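One file, structure-v8.pdb, is given below (PDB, C-alpha atoms).
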```
ATOM      1  CA  MET A   4     231.781  62.392 115.215  1.00  0.00           C
ATOM      2  CA  LYS A   5     231.236  63.925 111.797  1.00  0.00           C
ATOM      3  CA  LYS A   6     229.992  67.491 111.988  1.00  0.00           C
ATOM      4  CA  ILE A   7     227.143  68.900 109.915  1.00  0.00           C
ATOM      5  CA  ARG A   8     228.739  71.416 107.571  1.00  0.00           C
ATOM      6  CA  LEU A   9     226.601  74.532 107.234  1.00  0.00           C
ATOM      7  CA  ALA A  10     226.428  77.512 104.916  1.00  0.00           C
ATOM      8  CA  ILE A  11     224.571  80.728 105.704  1.00  0.00           C
ATOM      9  CA  VAL A  12     222.903  82.596 102.830  1.00  0.00           C
ATOM     10  CA  GLY A  13     222.208  86.174 103.823  1.00  0.00           C
ATOM     11  CA  THR A  14     224.434  87.723 106.486  1.00  0.00           C
ATOM     12  CA  GLY A  15     222.162  90.344 108.022  1.00  0.00           C
ATOM     13  CA  SER A  16     221.251  90.626 111.691  1.00  0.00           C
ATOM     14  CA  ILE A  17     219.335  87.322 111.888  1.00  0.00           C
ATOM     15  CA  ALA A  18     222.408  85.483 110.593  1.00  0.00           C
ATOM     16  CA  PHE A  19     224.241  86.561 113.757  1.00  0.00           C
ATOM     17  CA  THR A  20     221.623  84.776 115.873  1.00  0.00           C
ATOM     18  CA  HIS A  21     222.069  81.578 113.895  1.00  0.00           C
ATOM     19  CA  MET A  22     225.847  81.841 114.063  1.00  0.00           C
ATOM     20  CA  TYR A  23     225.817  82.199 117.833  1.00  0.00           C
ATOM     21  CA  GLY A  24     223.758  79.009 117.926  1.00  0.00           C
ATOM     22  CA  ILE A  25     226.159  77.181 115.622  1.00  0.00           C
ATOM     23  CA  GLN A  26     229.058  78.113 117.880  1.00  0.00           C
ATOM     24  CA  ARG A  27     227.323  76.358 120.773  1.00  0.00           C
ATOM     25  CA  LEU A  28     226.964  73.090 118.861  1.00  0.00           C
ATOM     26  CA  ASP A  29     229.618  70.410 118.825  1.00  0.00           C
ATOM     27  CA  GLU A  30     227.736  68.699 115.989  1.00  0.00           C
ATOM     28  CA  ALA A  31     227.888  71.552 113.462  1.00  0.00           C
ATOM     29  CA  GLU A  32     230.290  74.020 111.898  1.00  0.00           C
ATOM     30  CA  LEU A  33     230.076  76.917 109.452  1.00  0.00           C
ATOM     31  CA  VAL A  34     232.006  76.284 106.234  1.00  0.00           C
ATOM     32  CA  ALA A  35     230.762  79.073 103.948  1.00  0.00           C
ATOM     33  CA  ILE A  36     228.642  82.209 103.675  1.00  0.00           C
ATOM     34  CA  MET A  37     226.936  83.949 100.767  1.00  0.00           C
ATOM     35  CA  ASP A  38     225.454  87.402 100.292  1.00  0.00           C
ATOM     36  CA  ILE A  39     224.962  89.626  97.259  1.00  0.00           C
ATOM     37  CA  HIS A  40     225.712  92.594  99.533  1.00  0.00           C
ATOM     38  CA  THR A  41     229.461  92.485 100.150  1.00  0.00           C
ATOM     39  CA  GLU A  42     229.341  95.275 102.753  1.00  0.00           C
ATOM     40  CA  GLN A  43     226.892  93.261 104.816  1.00  0.00           C
ATOM     41  CA  MET A  44     229.084  90.178 104.493  1.00  0.00           C
ATOM     42  CA  ASP A  45     232.122  92.182 105.626  1.00  0.00           C
ATOM     43  CA  THR A  46     230.226  93.296 108.736  1.00  0.00           C
ATOM     44  CA  PHE A  47     229.370  89.676 109.542  1.00  0.00           C
ATOM     45  CA  ARG A  48     233.017  88.657 109.121  1.00  0.00           C
ATOM     46  CA  LYS A  49     234.170  91.253 111.653  1.00  0.00           C
ATOM     47  CA  THR A  50     232.357  89.255 114.338  1.00  0.00           C
ATOM     48  CA  PHE A  51     232.727  85.795 112.824  1.00  0.00           C
ATOM     49  CA  PRO A  52     235.962  85.433 110.817  1.00  0.00           C
ATOM     50  CA  VAL A  53     235.419  83.582 107.537  1.00  0.00           C
ATOM     51  CA  ALA A  54     238.190  82.962 105.000  1.00  0.00           C
ATOM     52  CA  ASP A  55     237.973  84.800 101.677  1.00  0.00           C
ATOM     53  CA  GLU A  56     237.684  81.537  99.744  1.00  0.00           C
ATOM     54  CA  ASP A  57     234.600  80.608 101.791  1.00  0.00           C
ATOM     55  CA  CYS A  58     232.708  83.820 100.996  1.00  0.00           C
ATOM     56  CA  TYR A  59     230.423  83.967  97.969  1.00  0.00           C
ATOM     57  CA  THR A  60     228.246  86.429  96.108  1.00  0.00           C
ATOM     58  CA  ASP A  61     226.988  83.715  93.715  1.00  0.00           C
ATOM     59  CA  LEU A  62     224.538  81.168  95.101  1.00  0.00           C
ATOM     60  CA  ASP A  63     225.239  78.498  92.481  1.00  0.00           C
ATOM     61  CA  ALA A  64     228.953  78.599  93.274  1.00  0.00           C
ATOM     62  CA  LEU A  65     228.185  78.037  96.944  1.00  0.00           C
ATOM     63  CA  LEU A  66     225.756  75.204  96.221  1.00  0.00           C
ATOM     64  CA  ALA A  67     228.345  73.493  94.027  1.00  0.00           C
ATOM     65  CA  ARG A  68     230.485  72.833  97.071  1.00  0.00           C
ATOM     66  CA  GLU A  69     230.337  69.196  98.085  1.00  0.00           C
ATOM     67  CA  ASP A  70     231.373  70.010 101.660  1.00  0.00           C
ATOM     68  CA  VAL A  71     228.141  71.928 102.319  1.00  0.00           C
ATOM     69  CA  ASP A  72     225.572  69.616 103.917  1.00  0.00           C
ATOM     70  CA  ALA A  73     222.887  72.162 104.705  1.00  0.00           C
ATOM     71  CA  VAL A  74     221.969  75.774 104.032  1.00  0.00           C
ATOM     72  CA  ILE A  75     220.494  78.270 106.481  1.00  0.00           C
ATOM     73  CA  VAL A  76     218.398  80.829 104.586  1.00  0.00           C
ATOM     74  CA  CYS A  77     218.704  84.240 106.239  1.00  0.00           C
ATOM     75  CA  ALA A  78     218.253  86.412 103.146  1.00  0.00           C
ATOM     76  CA  SER A  79     215.374  88.821 102.537  1.00  0.00           C
ATOM     77  CA  ASP A  80     211.874  87.358 102.710  1.00  0.00           C
ATOM     78  CA  LYS A  81     211.269  87.649  98.962  1.00  0.00           C
ATOM     79  CA  ALA A  82     214.275  85.423  98.257  1.00  0.00           C
ATOM     80  CA  HIS A  83     213.403  82.593 100.649  1.00  0.00           C
ATOM     81  CA  CYS A  84     211.590  80.372  98.154  1.00  0.00           C
ATOM     82  CA  ASP A  85     214.133  80.740  95.361  1.00  0.00           C
ATOM     83  CA  ILE A  86     217.121  80.064  97.607  1.00  0.00           C
ATOM     84  CA  ALA A  87     215.490  77.137  99.409  1.00  0.00           C
ATOM     85  CA  VAL A  88     214.333  75.458  96.183  1.00  0.00           C
ATOM     86  CA  ARG A  89     217.712  75.846  94.506  1.00  0.00           C
ATOM     87  CA  ALA A  90     219.488  74.513  97.585  1.00  0.00           C
ATOM     88  CA  MET A  91     217.209  71.475  97.810  1.00  0.00           C
ATOM     89  CA  ARG A  92     217.623  70.771  94.103  1.00  0.00           C
ATOM     90  CA  ALA A  93     221.369  70.820  94.743  1.00  0.00           C
ATOM     91  CA  GLY A  94     220.922  68.095  97.337  1.00  0.00           C
ATOM     92  CA  LYS A  95     221.281  70.308 100.418  1.00  0.00           C
ATOM     93  CA  ASP A  96     219.128  70.242 103.521  1.00  0.00           C
ATOM     94  CA  VAL A  97     217.561  73.612 104.317  1.00  0.00           C
ATOM     95  CA  LEU A  98     216.701  75.600 107.422  1.00  0.00           C
ATOM     96  CA  CYS A  99     214.668  78.628 106.336  1.00  0.00           C
ATOM     97  CA  GLU A 100     214.033  81.702 108.459  1.00  0.00           C
ATOM     98  CA  LYS A 101     210.463  82.894 108.832  1.00  0.00           C
ATOM     99  CA  PRO A 102     208.414  83.648 106.887  1.00  0.00           C
ATOM    100  CA  MET A 103     208.681  80.460 104.898  1.00  0.00           C
ATOM    101  CA  ALA A 104     207.762  82.388 101.724  1.00  0.00           C
ATOM    102  CA  LEU A 105     205.688  85.323 100.541  1.00  0.00           C
ATOM    103  CA  ASP A 106     202.545  83.458  99.478  1.00  0.00           C
ATOM    104  CA  LEU A 107     200.902  80.040  99.418  1.00  0.00           C
ATOM    105  CA  ASP A 108     202.083  79.244  95.899  1.00  0.00           C
ATOM    106  CA  GLU A 109     205.706  79.641  96.944  1.00  0.00           C
ATOM    107  CA  CYS A 110     205.099  77.563 100.076  1.00  0.00           C
ATOM    108  CA  ARG A 111     203.517  74.806  97.982  1.00  0.00           C
ATOM    109  CA  GLU A 112     206.492  74.855  95.607  1.00  0.00           C
ATOM    110  CA  MET A 113     208.912  74.428  98.521  1.00  0.00           C
ATOM    111  CA  MET A 114     206.819  71.586  99.938  1.00  0.00           C
ATOM    112  CA  ARG A 115     206.653  69.950  96.501  1.00  0.00           C
ATOM    113  CA  ILE A 116     210.442  69.881  96.239  1.00  0.00           C
ATOM    114  CA  VAL A 117     210.662  68.403  99.735  1.00  0.00           C
ATOM    115  CA  ALA A 118     208.211  65.659  98.757  1.00  0.00           C
ATOM    116  CA  ILE A 119     210.198  64.874  95.612  1.00  0.00           C
ATOM    117  CA  ARG A 120     213.453  64.676  97.553  1.00  0.00           C
ATOM    118  CA  GLU A 121     211.894  62.384 100.150  1.00  0.00           C
ATOM    119  CA  SER A 122     210.668  60.001  97.465  1.00  0.00           C
ATOM    120  CA  ALA A 123     213.870  60.177  95.400  1.00  0.00           C
ATOM    121  CA  PRO A 124     216.913  60.824  97.597  1.00  0.00           C
ATOM    122  CA  LEU A 125     220.191  61.955  96.122  1.00  0.00           C
ATOM    123  CA  TYR A 126     222.154  58.862  95.144  1.00  0.00           C
ATOM    124  CA  LYS A 127     225.459  59.362  93.372  1.00  0.00           C
ATOM    125  CA  LYS A 128     227.107  60.854  90.321  1.00  0.00           C
ATOM    126  CA  ILE A 129     226.144  59.420  86.950  1.00  0.00           C
ATOM    127  CA  PRO A 130     228.857  58.909  84.314  1.00  0.00           C
ATOM    128  CA  VAL A 131     228.250  60.490  80.927  1.00  0.00           C
ATOM    129  CA  SER A 132     230.486  59.487  78.010  1.00  0.00           C
ATOM    130  CA  VAL A 133     230.774  60.716  74.436  1.00  0.00           C
ATOM    131  CA  ILE A 134     232.592  59.341  71.382  1.00  0.00           C
ATOM    132  CA  ASN A 135     232.835  61.775  68.483  1.00  0.00           C
ATOM    133  CA  LEU A 136     233.200  60.220  65.038  1.00  0.00           C
ATOM    134  CA  GLY A 137     232.956  62.990  62.487  1.00  0.00           C
ATOM    135  CA  PRO A 138     229.343  64.167  62.307  1.00  0.00           C
ATOM    136  CA  VAL A 139     228.203  61.334  64.593  1.00  0.00           C
ATOM    137  CA  ALA A 140     228.272  61.555  68.402  1.00  0.00           C
ATOM    138  CA  PHE A 141     227.675  58.459  70.519  1.00  0.00           C
ATOM    139  CA  VAL A 142     226.360  59.527  73.943  1.00  0.00           C
ATOM    140  CA  GLY A 143     226.269  57.050  76.801  1.00  0.00           C
ATOM    141  CA  PHE A 144     224.460  57.538  80.111  1.00  0.00           C
ATOM    142  CA  GLY A 145     225.232  55.474  83.222  1.00  0.00           C
ATOM    143  CA  GLY A 146     221.662  54.434  83.845  1.00  0.00           C
ATOM    144  CA  GLU A 147     218.405  53.943  81.951  1.00  0.00           C
ATOM    145  CA  PRO A 148     217.619  57.367  80.427  1.00  0.00           C
ATOM    146  CA  PHE A 149     214.177  58.478  79.320  1.00  0.00           C
ATOM    147  CA  LYS A 150     214.093  59.233  75.592  1.00  0.00           C
ATOM    148  CA  GLN A 151     213.842  62.951  76.385  1.00  0.00           C
ATOM    149  CA  TYR A 152     217.543  62.851  77.307  1.00  0.00           C
ATOM    150  CA  GLY A 153     218.407  62.013  73.697  1.00  0.00           C
ATOM    151  CA  VAL A 154     215.930  64.583  72.388  1.00  0.00           C
ATOM    152  CA  ASN A 155     217.492  67.289  74.565  1.00  0.00           C
ATOM    153  CA  VAL A 156     221.017  66.535  73.365  1.00  0.00           C
ATOM    154  CA  ARG A 157     219.884  66.333  69.727  1.00  0.00           C
ATOM    155  CA  ASN A 158     218.089  69.691  69.977  1.00  0.00           C
ATOM    156  CA  ALA A 159     221.190  71.284  71.497  1.00  0.00           C
ATOM    157  CA  CYS A 160     223.455  69.878  68.757  1.00  0.00           C
ATOM    158  CA  PRO A 161     221.422  70.148  65.508  1.00  0.00           C
ATOM    159  CA  ASP A 162     224.545  69.815  63.354  1.00  0.00           C
ATOM    160  CA  ARG A 163     225.404  66.379  64.738  1.00  0.00           C
ATOM    161  CA  PHE A 164     223.833  62.939  64.397  1.00  0.00           C
ATOM    162  CA  ILE A 165     223.245  61.853  67.984  1.00  0.00           C
ATOM    163  CA  VAL A 166     223.132  58.202  69.072  1.00  0.00           C
ATOM    164  CA  THR A 167     222.278  57.698  72.741  1.00  0.00           C
ATOM    165  CA  SER A 168     222.785  54.511  74.707  1.00  0.00           C
ATOM    166  CA  CYS A 169     222.298  53.024  78.146  1.00  0.00           C
ATOM    167  CA  ASN A 170     225.789  52.131  79.350  1.00  0.00           C
ATOM    168  CA  THR A 171     224.789  49.997  82.332  1.00  0.00           C
ATOM    169  CA  ASN A 172     221.624  48.335  81.044  1.00  0.00           C
ATOM    170  CA  GLY A 173     219.605  50.183  83.645  1.00  0.00           C
ATOM    171  CA  SER A 174     221.378  48.730  86.671  1.00  0.00           C
ATOM    172  CA  GLU A 175     221.925  52.207  88.124  1.00  0.00           C
ATOM    173  CA  GLY A 176     218.221  53.040  87.940  1.00  0.00           C
ATOM    174  CA  TYR A 177     215.921  55.173  85.838  1.00  0.00           C
ATOM    175  CA  LEU A 178     217.300  58.529  84.701  1.00  0.00           C
ATOM    176  CA  VAL A 179     214.015  60.357  84.996  1.00  0.00           C
ATOM    177  CA  THR A 180     213.129  63.710  83.417  1.00  0.00           C
ATOM    178  CA  THR A 181     212.283  66.727  85.545  1.00  0.00           C
ATOM    179  CA  LYS A 182     208.704  66.547  84.248  1.00  0.00           C
ATOM    180  CA  ALA A 183     208.437  62.916  85.344  1.00  0.00           C
ATOM    181  CA  PHE A 184     209.608  63.848  88.830  1.00  0.00           C
ATOM    182  CA  GLU A 185     206.944  66.535  88.987  1.00  0.00           C
ATOM    183  CA  GLU A 186     204.217  64.157  87.801  1.00  0.00           C
ATOM    184  CA  GLY A 187     205.268  61.314  90.097  1.00  0.00           C
ATOM    185  CA  GLY A 188     204.590  57.724  89.122  1.00  0.00           C
ATOM    186  CA  TYR A 189     206.567  54.496  89.347  1.00  0.00           C
ATOM    187  CA  GLU A 190     209.733  55.615  87.547  1.00  0.00           C
ATOM    188  CA  ALA A 191     210.104  58.822  89.567  1.00  0.00           C
ATOM    189  CA  SER A 192     209.369  57.174  92.919  1.00  0.00           C
ATOM    190  CA  SER A 193     211.733  54.272  92.296  1.00  0.00           C
ATOM    191  CA  ALA A 194     214.589  56.301  90.785  1.00  0.00           C
ATOM    192  CA  PRO A 195     217.385  56.897  93.319  1.00  0.00           C
ATOM    193  CA  PHE A 196     217.967  60.441  92.078  1.00  0.00           C
ATOM    194  CA  THR A 197     216.734  63.988  92.519  1.00  0.00           C
ATOM    195  CA  PRO A 198     215.262  66.506  90.033  1.00  0.00           C
ATOM    196  CA  GLY A 199     217.899  68.353  88.078  1.00  0.00           C
ATOM    197  CA  LEU A 200     219.506  65.127  86.892  1.00  0.00           C
ATOM    198  CA  GLU A 201     218.094  65.544  83.370  1.00  0.00           C
ATOM    199  CA  GLU A 202     219.565  69.013  82.950  1.00  0.00           C
ATOM    200  CA  ALA A 203     222.939  68.048  84.454  1.00  0.00           C
ATOM    201  CA  CYS A 204     223.362  64.917  82.308  1.00  0.00           C
ATOM    202  CA  CYS A 205     222.335  66.606  79.073  1.00  0.00           C
ATOM    203  CA  GLU A 206     224.483  69.686  79.700  1.00  0.00           C
ATOM    204  CA  THR A 207     227.476  67.437  80.384  1.00  0.00           C
ATOM    205  CA  ALA A 208     226.863  65.499  77.161  1.00  0.00           C
ATOM    206  CA  VAL A 209     226.627  68.686  75.103  1.00  0.00           C
ATOM    207  CA  LYS A 210     229.901  69.979  76.586  1.00  0.00           C
ATOM    208  CA  LEU A 211     231.657  66.720  75.743  1.00  0.00           C
ATOM    209  CA  ILE A 212     230.310  66.765  72.180  1.00  0.00           C
ATOM    210  CA  SER A 213     231.581  70.318  71.659  1.00  0.00           C
ATOM    211  CA  LYS A 214     235.139  69.468  72.756  1.00  0.00           C
TER
END
```

Mind turning this structure into structure tokens?
Amino acid sequence: MKKIRLAIVGTGSIAFTHMYGIQRLDEAELVAIMDIHTEQMDTFRKTFPVADEDCYTDLDALLAREDVDAVIVCASDKAHCDIAVRAMRAGKDVLCEKPMALDLDECREMMRIVAIRESAPLYKKIPVSVINLGPVAFVGFGGEPFKQYGVNVRNACPDRFIVTSCNTNGSEGYLVTTKAFEEGGYEASSAPFTPGLEEACCETAVKLISK
């Protein structure tokens, strides 16, 4: 049986309660922890040994791990919304300690991200390719990109002539913009991807162009 691989963000007293629960489950295991307060993390590790390489002070570094299936948010109340939203955008499931957030606007934002993820589940990595020919850069996306993808890359590389293309003739699905995900509609609901795809694809293209 494959275990659910968990990460705890925030290692204060409530994290101990969650960890005791994890230890009782055959279906789950802790693979990483994160806290901006290293002293607090050290205290947690005295009771629950965690390897140095599995301890983080940077949330994005933790969320980049592919072996983290879900995140338990045990940080301070004011950070709940930010951590939960970033984790969900990274494709992680989230268990958030109470309170859910500090106000209704933050709660609505968390619920909005959940709704987007339910309608557009994480699918798979999208290939991005670049051919540099002098001042011209040919950028290919492995799906059917909205024109904003090309606009983003062109704005980020004003000294290059950018030519974007659809490498797979749309067979991998629509590469929807973050705005389109937020607005909903046919393309967003039918795309097998999550928000954040636009930024990731365009950032990758810009890095390849600059090589």

Applying 6 Å and only C-alpha atoms, which residues near segment 28-34 of chain A remain after dropping the ones on its own chain fewer than 2 positions away? List them as a PyMOL selection string.
chain A and resi 6-10+25-26

Starting from the PyMOL selection byres ((chain A and resi 20) around 12), expand the selection into actual residues of this file and give them as number ranges by chain.
A: 11, 14-19, 21-27, 47, 50-51, 75, 77, 100

Distance in Å - atom CA of Phe144 of chain A versus atom CA of Lys182 of chain A
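Pair atom CA of Phe144 of chain A / atom CA of Lys182 of chain A returns 18.6 Å.
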
Residues at most 10 Å from Lys101 of chain A, counting all atoms listed in the file, excluding those fewer than 5 positions away in the same chain, as a ChimeraX atom specification?
/A:76-77,79-80,83

Output file for the selection above: C-alpha atoms, as a PDB file, keeping the file's coordinate frame:
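And here's part.pdb as it stands now:
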```
ATOM      1  CA  VAL A  76     218.398  80.829 104.586  1.00  0.00           C
ATOM      2  CA  CYS A  77     218.704  84.240 106.239  1.00  0.00           C
ATOM      3  CA  SER A  79     215.374  88.821 102.537  1.00  0.00           C
ATOM      4  CA  ASP A  80     211.874  87.358 102.710  1.00  0.00           C
ATOM      5  CA  HIS A  83     213.403  82.593 100.649  1.00  0.00           C
TER       6      HIS A  83
END
```

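Atom CA of Ala183 of chain A lies 24.7 Å from atom CA of Phe141 of chain A.
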